[in-house]
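Heads up, protein-v9.pdb below (PDB, C-alpha atoms):
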ATOM      1  CA  GLY J   1     -13.986   0.232   8.786  1.00  0.00           C
ATOM      2  CA  GLU J   2     -10.359  -0.008   9.678  1.00  0.00           C
ATOM      3  CA  SER J   3      -8.837   3.175  11.051  1.00  0.00           C
ATOM      4  CA  VAL J   4      -5.481   4.274   9.777  1.00  0.00           C
ATOM      5  CA  GLY J   5      -3.293   6.346  12.013  1.00  0.00           C
ATOM      6  CA  LEU J   6      -0.015   8.059  11.586  1.00  0.00           C
ATOM      7  CA  HIS J   7       2.791   5.567  11.248  1.00  0.00           C
ATOM      8  CA  LEU J   8       5.489   7.288  13.190  1.00  0.00           C
ATOM      9  CA  PRO J   9       8.997   6.629  12.034  1.00  0.00           C
ATOM     10  CA  THR J  10      10.820   4.809  14.772  1.00  0.00           C
ATOM     11  CA  LEU J  11      14.419   4.772  15.824  1.00  0.00           C
ATOM     12  CA  SER J  12      15.814   2.239  18.232  1.00  0.00           C
ATOM     13  CA  VAL J  13      19.290   2.770  19.657  1.00  0.00           C
ATOM     14  CA  GLN J  14      21.477   1.215  22.292  1.00  0.00           C
ATOM     15  CA  GLU J  15      22.077   3.163  25.457  1.00  0.00           C
ATOM     16  CA  GLY J  16      25.250   5.172  25.087  1.00  0.00           C
ATOM     17  CA  ASP J  17      25.100   5.371  21.303  1.00  0.00           C
ATOM     18  CA  ASN J  18      24.437   8.573  19.395  1.00  0.00           C
ATOM     19  CA  SER J  19      21.000   9.162  17.866  1.00  0.00           C
ATOM     20  CA  ILE J  20      20.128  11.116  14.754  1.00  0.00           C
ATOM     21  CA  ILE J  21      16.554  12.088  14.083  1.00  0.00           C
ATOM     22  CA  ASN J  22      15.661  13.627  10.743  1.00  0.00           C
ATOM     23  CA  CYS J  23      12.950  15.965   9.594  1.00  0.00           C
ATOM     24  CA  ALA J  24      11.965  17.444   6.255  1.00  0.00           C
ATOM     25  CA  TYR J  25      10.133  20.749   6.292  1.00  0.00           C
ATOM     26  CA  SER J  26       7.900  22.125   3.625  1.00  0.00           C
ATOM     27  CA  ASN J  27       8.119  25.918   3.512  1.00  0.00           C
ATOM     28  CA  SER J  28      11.306  27.437   2.126  1.00  0.00           C
ATOM     29  CA  ALA J  29      10.272  30.745   3.719  1.00  0.00           C
ATOM     30  CA  SER J  30      10.347  29.295   7.240  1.00  0.00           C
ATOM     31  CA  ASP J  31      12.962  31.128   9.281  1.00  0.00           C
ATOM     32  CA  TYR J  32      12.873  29.455  12.646  1.00  0.00           C
ATOM     33  CA  PHE J  33      12.819  25.822  13.699  1.00  0.00           C
ATOM     34  CA  ILE J  34      12.415  24.011  16.984  1.00  0.00           C
ATOM     35  CA  TRP J  35      12.814  20.446  18.177  1.00  0.00           C
ATOM     36  CA  TYR J  36      10.404  19.225  20.819  1.00  0.00           C
ATOM     37  CA  LYS J  37      10.406  16.084  22.941  1.00  0.00           C
ATOM     38  CA  GLN J  38       7.123  14.523  24.038  1.00  0.00           C
ATOM     39  CA  GLU J  39       7.037  11.847  26.698  1.00  0.00           C
ATOM     40  CA  SER J  40       4.017   9.675  27.230  1.00  0.00           C
ATOM     41  CA  GLY J  41       1.164  11.565  28.880  1.00  0.00           C
ATOM     42  CA  LYS J  42       2.903  14.925  28.690  1.00  0.00           C
ATOM     43  CA  GLY J  43       2.940  17.956  26.455  1.00  0.00           C
ATOM     44  CA  PRO J  44       5.757  18.670  24.000  1.00  0.00           C
ATOM     45  CA  GLN J  45       8.854  20.070  25.667  1.00  0.00           C
ATOM     46  CA  PHE J  46      11.256  22.516  24.020  1.00  0.00           C
ATOM     47  CA  ILE J  47      14.707  21.033  23.373  1.00  0.00           C
ATOM     48  CA  ILE J  48      16.602  23.337  21.033  1.00  0.00           C
ATOM     49  CA  ASP J  49      15.947  25.873  18.294  1.00  0.00           C
ATOM     50  CA  ILE J  50      17.764  27.261  15.278  1.00  0.00           C
ATOM     51  CA  ARG J  51      17.269  30.215  12.980  1.00  0.00           C
ATOM     52  CA  SER J  52      17.586  30.053   9.240  1.00  0.00           C
ATOM     53  CA  ASN J  53      20.754  32.168   9.252  1.00  0.00           C
ATOM     54  CA  MET J  54      22.551  29.337  11.015  1.00  0.00           C
ATOM     55  CA  ASP J  55      23.329  25.793   9.926  1.00  0.00           C
ATOM     56  CA  LYS J  56      24.296  24.318  13.271  1.00  0.00           C
ATOM     57  CA  ARG J  57      23.536  24.890  16.910  1.00  0.00           C
ATOM     58  CA  GLN J  58      24.653  22.938  19.939  1.00  0.00           C
ATOM     59  CA  GLY J  59      23.111  22.429  23.319  1.00  0.00           C
ATOM     60  CA  GLN J  60      23.764  20.049  26.136  1.00  0.00           C
ATOM     61  CA  ARG J  61      24.153  16.614  24.464  1.00  0.00           C
ATOM     62  CA  VAL J  62      22.054  17.815  21.520  1.00  0.00           C
ATOM     63  CA  THR J  63      22.956  19.371  18.188  1.00  0.00           C
ATOM     64  CA  VAL J  64      20.611  20.634  15.512  1.00  0.00           C
ATOM     65  CA  LEU J  65      21.700  20.841  11.900  1.00  0.00           C
ATOM     66  CA  LEU J  66      19.839  22.810   9.256  1.00  0.00           C
ATOM     67  CA  ASN J  67      20.229  22.316   5.512  1.00  0.00           C
ATOM     68  CA  LYS J  68      18.132  24.947   3.796  1.00  0.00           C
ATOM     69  CA  THR J  69      19.071  23.758   0.329  1.00  0.00           C
ATOM     70  CA  VAL J  70      17.174  20.522   0.756  1.00  0.00           C
ATOM     71  CA  LYS J  71      14.870  21.761   3.522  1.00  0.00           C
ATOM     72  CA  HIS J  72      16.159  19.248   6.029  1.00  0.00           C
ATOM     73  CA  LEU J  73      16.610  19.421   9.763  1.00  0.00           C
ATOM     74  CA  SER J  74      18.265  16.906  12.051  1.00  0.00           C
ATOM     75  CA  LEU J  75      18.618  16.413  15.773  1.00  0.00           C
ATOM     76  CA  GLN J  76      21.642  14.621  17.109  1.00  0.00           C
ATOM     77  CA  ILE J  77      21.628  13.272  20.649  1.00  0.00           C
ATOM     78  CA  ALA J  78      24.978  12.241  22.071  1.00  0.00           C
ATOM     79  CA  ALA J  79      25.327   9.314  24.455  1.00  0.00           C
ATOM     80  CA  THR J  80      21.627   8.487  24.337  1.00  0.00           C
ATOM     81  CA  GLN J  81      20.093   7.588  27.688  1.00  0.00           C
ATOM     82  CA  PRO J  82      16.907   5.698  28.608  1.00  0.00           C
ATOM     83  CA  GLY J  83      15.348   9.005  29.636  1.00  0.00           C
ATOM     84  CA  ASP J  84      15.654  10.159  26.034  1.00  0.00           C
ATOM     85  CA  SER J  85      12.980   7.669  24.974  1.00  0.00           C
ATOM     86  CA  ALA J  86      10.121   9.787  23.632  1.00  0.00           C
ATOM     87  CA  VAL J  87       8.540  11.108  20.459  1.00  0.00           C
ATOM     88  CA  TYR J  88      10.520  13.926  18.880  1.00  0.00           C
ATOM     89  CA  PHE J  89       8.888  16.601  16.748  1.00  0.00           C
ATOM     90  CA  CYS J  90      10.400  19.213  14.531  1.00  0.00           C
ATOM     91  CA  ALA J  91       8.421  22.410  14.103  1.00  0.00           C
ATOM     92  CA  GLU J  92       8.797  25.214  11.583  1.00  0.00           C
ATOM     93  CA  ASN J  93       7.768  28.809  11.914  1.00  0.00           C
ATOM     94  CA  ARG J  94       5.321  29.704   9.200  1.00  0.00           C
ATOM     95  CA  GLY J  95       4.406  33.324   9.468  1.00  0.00           C
ATOM     96  CA  ASN J  96       3.014  33.792  12.933  1.00  0.00           C
ATOM     97  CA  ASP J  97       2.524  30.206  13.993  1.00  0.00           C
ATOM     98  CA  MET J  98       4.398  26.952  14.334  1.00  0.00           C
ATOM     99  CA  ARG J  99       3.580  23.819  12.342  1.00  0.00           C
ATOM    100  CA  PHE J 100       4.651  20.426  13.605  1.00  0.00           C
ATOM    101  CA  GLY J 101       5.879  17.369  11.789  1.00  0.00           C
ATOM    102  CA  ALA J 102       4.493  13.907  12.419  1.00  0.00           C
ATOM    103  CA  GLY J 103       7.208  12.994  14.899  1.00  0.00           C
ATOM    104  CA  THR J 104       9.746  10.201  15.348  1.00  0.00           C
ATOM    105  CA  ARG J 105       9.588   7.706  18.177  1.00  0.00           C
ATOM    106  CA  LEU J 106      12.969   7.111  19.796  1.00  0.00           C
ATOM    107  CA  THR J 107      13.419   3.966  21.880  1.00  0.00           C
ATOM    108  CA  VAL J 108      16.582   3.466  23.892  1.00  0.00           C
ATOM    109  CA  LYS J 109      17.549  -0.096  24.676  1.00  0.00           C
ATOM    110  CA  PRO J 110      19.446  -0.686  27.904  1.00  0.00           C
TER     111      PRO J 110
ATOM    112  CA  ASP P   1       6.527  29.480  37.603  1.00  0.00           C
ATOM    113  CA  ALA P   2       3.879  26.766  37.416  1.00  0.00           C
ATOM    114  CA  GLY P   3       3.975  26.707  33.648  1.00  0.00           C
ATOM    115  CA  VAL P   4       0.942  26.509  31.405  1.00  0.00           C
ATOM    116  CA  ILE P   5      -1.958  25.069  33.368  1.00  0.00           C
ATOM    117  CA  GLN P   6      -4.758  23.178  31.704  1.00  0.00           C
ATOM    118  CA  SER P   7      -7.916  21.760  33.195  1.00  0.00           C
ATOM    119  CA  PRO P   8      -9.352  19.273  33.385  1.00  0.00           C
ATOM    120  CA  ARG P   9      -6.629  16.674  32.723  1.00  0.00           C
ATOM    121  CA  HIS P  10      -9.220  14.163  31.590  1.00  0.00           C
ATOM    122  CA  GLU P  11     -12.763  14.631  30.383  1.00  0.00           C
ATOM    123  CA  VAL P  12     -15.246  11.952  29.411  1.00  0.00           C
ATOM    124  CA  THR P  13     -18.547  13.159  28.050  1.00  0.00           C
ATOM    125  CA  GLU P  14     -21.486  11.903  26.076  1.00  0.00           C
ATOM    126  CA  MET P  15     -22.052  12.832  22.480  1.00  0.00           C
ATOM    127  CA  GLY P  16     -24.062  16.020  22.187  1.00  0.00           C
ATOM    128  CA  GLN P  17     -22.870  17.521  25.447  1.00  0.00           C
ATOM    129  CA  GLU P  18     -20.997  20.783  25.721  1.00  0.00           C
ATOM    130  CA  VAL P  19     -17.335  20.566  26.687  1.00  0.00           C
ATOM    131  CA  THR P  20     -15.189  23.428  27.948  1.00  0.00           C
ATOM    132  CA  LEU P  21     -11.430  23.161  28.204  1.00  0.00           C
ATOM    133  CA  ARG P  22      -9.482  25.735  30.168  1.00  0.00           C
ATOM    134  CA  CYS P  23      -6.008  27.165  29.979  1.00  0.00           C
ATOM    135  CA  LYS P  24      -3.936  29.527  32.075  1.00  0.00           C
ATOM    136  CA  PRO P  25      -0.851  30.697  30.181  1.00  0.00           C
ATOM    137  CA  ILE P  26       2.443  31.650  31.740  1.00  0.00           C
ATOM    138  CA  SER P  27       2.243  35.096  33.255  1.00  0.00           C
ATOM    139  CA  GLY P  28       3.667  37.719  30.896  1.00  0.00           C
ATOM    140  CA  HIS P  29       3.319  35.603  27.770  1.00  0.00           C
ATOM    141  CA  ASN P  30       1.642  37.475  24.941  1.00  0.00           C
ATOM    142  CA  SER P  31       0.594  34.611  22.699  1.00  0.00           C
ATOM    143  CA  LEU P  32      -1.604  31.605  23.358  1.00  0.00           C
ATOM    144  CA  PHE P  33      -2.188  28.606  21.127  1.00  0.00           C
ATOM    145  CA  TRP P  34      -4.643  25.724  21.120  1.00  0.00           C
ATOM    146  CA  TYR P  35      -3.497  22.467  19.509  1.00  0.00           C
ATOM    147  CA  ARG P  36      -5.222  19.141  19.051  1.00  0.00           C
ATOM    148  CA  GLN P  37      -3.294  15.877  18.923  1.00  0.00           C
ATOM    149  CA  THR P  38      -4.657  12.651  17.468  1.00  0.00           C
ATOM    150  CA  MET P  39      -3.115   9.487  16.116  1.00  0.00           C
ATOM    151  CA  MET P  40      -4.670  10.227  12.750  1.00  0.00           C
ATOM    152  CA  ARG P  41      -3.486  13.795  12.272  1.00  0.00           C
ATOM    153  CA  GLY P  42      -0.737  14.438  14.782  1.00  0.00           C
ATOM    154  CA  LEU P  43      -0.474  17.930  16.273  1.00  0.00           C
ATOM    155  CA  GLU P  44      -2.790  20.433  14.631  1.00  0.00           C
ATOM    156  CA  LEU P  45      -2.989  24.138  15.371  1.00  0.00           C
ATOM    157  CA  LEU P  46      -6.597  25.113  16.018  1.00  0.00           C
ATOM    158  CA  ILE P  47      -6.360  28.804  16.900  1.00  0.00           C
ATOM    159  CA  TYR P  48      -3.980  31.308  18.384  1.00  0.00           C
ATOM    160  CA  PHE P  49      -4.256  34.631  20.168  1.00  0.00           C
ATOM    161  CA  ASN P  50      -1.907  37.603  20.371  1.00  0.00           C
ATOM    162  CA  ASN P  51      -2.539  39.949  23.293  1.00  0.00           C
ATOM    163  CA  ASN P  52      -5.927  38.278  23.859  1.00  0.00           C
ATOM    164  CA  VAL P  53      -7.051  38.840  20.266  1.00  0.00           C
ATOM    165  CA  PRO P  54      -7.728  35.838  18.006  1.00  0.00           C
ATOM    166  CA  ILE P  55      -5.372  36.060  15.057  1.00  0.00           C
ATOM    167  CA  ASP P  56      -5.915  32.875  13.088  1.00  0.00           C
ATOM    168  CA  ASP P  57      -8.731  30.409  13.649  1.00  0.00           C
ATOM    169  CA  SER P  58      -8.454  28.666  10.302  1.00  0.00           C
ATOM    170  CA  GLY P  59      -7.580  25.441  12.062  1.00  0.00           C
ATOM    171  CA  MET P  60     -10.838  25.278  13.972  1.00  0.00           C
ATOM    172  CA  PRO P  61     -12.556  22.271  12.425  1.00  0.00           C
ATOM    173  CA  GLU P  62     -16.172  23.387  12.561  1.00  0.00           C
ATOM    174  CA  ASP P  63     -18.550  25.931  13.994  1.00  0.00           C
ATOM    175  CA  ARG P  64     -19.020  23.560  16.903  1.00  0.00           C
ATOM    176  CA  PHE P  65     -15.621  24.749  18.126  1.00  0.00           C
ATOM    177  CA  SER P  66     -15.112  28.164  19.661  1.00  0.00           C
ATOM    178  CA  ALA P  67     -12.329  29.758  21.695  1.00  0.00           C
ATOM    179  CA  LYS P  68     -12.133  32.837  23.836  1.00  0.00           C
ATOM    180  CA  MET P  69      -9.498  34.726  25.726  1.00  0.00           C
ATOM    181  CA  PRO P  70     -11.270  37.229  27.980  1.00  0.00           C
ATOM    182  CA  ASN P  71      -8.034  38.314  29.630  1.00  0.00           C
ATOM    183  CA  ALA P  72      -4.302  37.689  29.547  1.00  0.00           C
ATOM    184  CA  SER P  73      -4.453  34.902  32.106  1.00  0.00           C
ATOM    185  CA  PHE P  74      -7.281  32.714  30.862  1.00  0.00           C
ATOM    186  CA  SER P  75      -8.554  31.046  27.723  1.00  0.00           C
ATOM    187  CA  THR P  76     -11.271  28.514  26.953  1.00  0.00           C
ATOM    188  CA  LEU P  77     -11.902  26.126  24.108  1.00  0.00           C
ATOM    189  CA  LYS P  78     -15.508  25.049  23.828  1.00  0.00           C
ATOM    190  CA  ILE P  79     -17.058  22.260  21.793  1.00  0.00           C
ATOM    191  CA  GLN P  80     -20.830  22.299  21.450  1.00  0.00           C
ATOM    192  CA  PRO P  81     -22.217  19.812  20.654  1.00  0.00           C
ATOM    193  CA  SER P  82     -19.411  17.310  21.089  1.00  0.00           C
ATOM    194  CA  GLU P  83     -19.010  14.294  18.813  1.00  0.00           C
ATOM    195  CA  PRO P  84     -16.976  11.071  19.172  1.00  0.00           C
ATOM    196  CA  ARG P  85     -14.545  12.258  16.476  1.00  0.00           C
ATOM    197  CA  ASP P  86     -13.584  15.156  18.738  1.00  0.00           C
ATOM    198  CA  SER P  87     -11.856  12.678  21.033  1.00  0.00           C
ATOM    199  CA  ALA P  88      -8.222  13.775  21.247  1.00  0.00           C
ATOM    200  CA  VAL P  89      -5.676  15.392  23.504  1.00  0.00           C
ATOM    201  CA  TYR P  90      -6.020  19.161  23.461  1.00  0.00           C
ATOM    202  CA  PHE P  91      -2.933  21.207  24.283  1.00  0.00           C
ATOM    203  CA  CYS P  92      -2.622  24.830  25.180  1.00  0.00           C
ATOM    204  CA  ALA P  93       0.725  26.591  24.689  1.00  0.00           C
ATOM    205  CA  SER P  94       1.951  30.088  25.361  1.00  0.00           C
ATOM    206  CA  SER P  95       4.820  32.167  24.060  1.00  0.00           C
ATOM    207  CA  LEU P  96       6.581  35.237  25.336  1.00  0.00           C
ATOM    208  CA  ARG P  97       6.833  37.168  22.118  1.00  0.00           C
ATOM    209  CA  SER P  98       3.930  38.911  20.461  1.00  0.00           C
ATOM    210  CA  SER P  99       5.272  37.579  17.177  1.00  0.00           C
ATOM    211  CA  PRO P 100       5.362  33.820  17.622  1.00  0.00           C
ATOM    212  CA  GLY P 101       8.266  32.074  16.079  1.00  0.00           C
ATOM    213  CA  GLN P 102      10.842  34.151  17.877  1.00  0.00           C
ATOM    214  CA  ASP P 103      10.728  32.013  20.928  1.00  0.00           C
ATOM    215  CA  GLY P 104       9.811  28.501  21.834  1.00  0.00           C
ATOM    216  CA  TYR P 105       6.358  27.626  22.984  1.00  0.00           C
ATOM    217  CA  THR P 106       5.664  26.243  26.445  1.00  0.00           C
ATOM    218  CA  PHE P 107       2.995  23.574  26.401  1.00  0.00           C
ATOM    219  CA  GLY P 108       0.596  22.542  29.105  1.00  0.00           C
ATOM    220  CA  SER P 109       0.076  18.907  30.046  1.00  0.00           C
ATOM    221  CA  GLY P 110      -3.017  18.657  27.879  1.00  0.00           C
ATOM    222  CA  THR P 111      -6.631  17.624  28.346  1.00  0.00           C
ATOM    223  CA  ARG P 112      -7.518  14.141  27.173  1.00  0.00           C
ATOM    224  CA  LEU P 113     -11.066  14.331  25.855  1.00  0.00           C
ATOM    225  CA  THR P 114     -13.136  11.235  25.233  1.00  0.00           C
ATOM    226  CA  VAL P 115     -16.580  11.618  23.699  1.00  0.00           C
ATOM    227  CA  VAL P 116     -18.686   8.467  23.912  1.00  0.00           C
TER     228      VAL P 116
END
Let's see the structure in the file written out as structure tokens.
Amino acid sequence: GESVGLHLPTLSVQEGDNSIINCAYSNSASDYFIWYKQESGKGPQFIIDIRSNMDKRQGQRVTVLLNKTVKHLSLQIAATQPGDSAVYFCAENRGNDMRFGAGTRLTVKP
Amino acid sequence: DAGVIQSPRHEVTEMGQEVTLRCKPISGHNSLFWYRQTMMRGLELLIYFNNNVPIDDSGMPEDRFSAKMPNASFSTLKIQPSEPRDSAVYFCASSLRSSPGQDGYTFGSGTRLTVV
């Protein structure tokens, strides 16, 4: 029979533009969130985190926004570069372990 | 620091054979996690350890899967007998805190398992 895999949301941006990747989480009790970047053939790599007592956190070229009211998380990448092309996962802390979303594939066009 | 080290990087085995995946966490990290990644199901937590003790193995799919952590610097994930549907990339991750969720995880490069 035909196999059905995850259909990753995809985002294609022009080099130099800003990217926004969105994520909806499921557990209103989650108190800690992380964005990971996964390049082909590699493990997920930590990008930035945020705790539930914050609504915004900035890193180098990246910003994470947290809206607890609607259980929504976003990752903003400024001046997107070809090296940013990857699959991006949000993860939520649920008790003593992290649960990952399905991921979004970001493609940067030169 | 060399990071989380997994071996082998690739494993191809025949259905019914035993497979053992290995992981060396970052020195000083108290928590270790095994994840499985497939196109069908994404990243799934299989089991995690705190201070070498298994805390939650509810993600282990079947009795064919078992994991051990005999000491703070080594863990194994064993599949016996292996089946084609076990084909996936298996990741090990470690975390500094004894209560995961207070720090990011560091992932290894994964073991790509193919069962034919």
Practice prompt. Please determine the contact residues of chain J with respect to chain P at a cut-off of 10 Å, counting only C-alpha atoms, and supply them as a ChimeraX atom specification.
Written response: /J:3-8,30-36,41-49,51,89,91-103
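One finds atom CA of Ser74 of chain J at 26.5 Å from atom CA of Leu46 of chain P.
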Practice prompt. Give as a VMD selection string the set of residues within 9 Å of the point (16.3, 11.4, 20.5), where distances use the file's coordinates and only C-alpha atoms.
Written response: chain J and resid 11 18 to 21 37 62 75 to 78 80 to 81 84 to 88 104 to 108
Item to complete: Show which residues sit within 8 Å of Cys23 of chain P, as a PyMOL selection string. Count only C-alpha atoms, and ignore same-chain residues fewer than 2 positions away.
Response: chain P and resi 4-7+21+25+74-76+92
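Using only C-alpha atoms, the contacts of Ala24 of chain J at a cut-off of 8 Å, with sequence neighbours closer than 6 positions omitted, comprise J:Lys71, J:His72, J:Leu73.
Atom CA of Arg57 of chain J to atom CA of Gly16 of chain J spans 21.4 Å [interatomic distance, one decimal].
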Discussion item. Can you tell me which residues surround Asp55 of chain J at a distance of at most 9 Å, considering all atoms listed in the file, apart from same-chain residues fewer than 5 positions away, and format the answer as a PyMOL selection string?
Written reply: chain J and resi 50+64-68
Discussion item. Applying 10 Å and only C-alpha atoms, which residues near segment 78-87 of chain P remain after dropping the ones on its own chain fewer than 4 positions away? List them as a PyMOL selection string.
Written reply: chain P and resi 11-22+36-38+61-68+112-116
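The space separating atom CA of Ser58 of chain P from atom CA of Tyr35 of chain P comes to 12.2 Å.
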Could you give me the centre and size, in Å to one decimal, of an axis-aligned box around all listed atoms of segment 66-71 of chain J with 3 Å added on every side, as AutoDock Vina command-line options?
--center_x 17.5 --center_y 22.7 --center_z 4.8 --size_x 11.4 --size_y 10.4 --size_z 14.9
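With distances taken over all atoms listed in the file, P:Leu96 is the one residue among P:Leu96, P:Val53, P:Leu77, P:Met69 lying closest to Ser27 of chain P.
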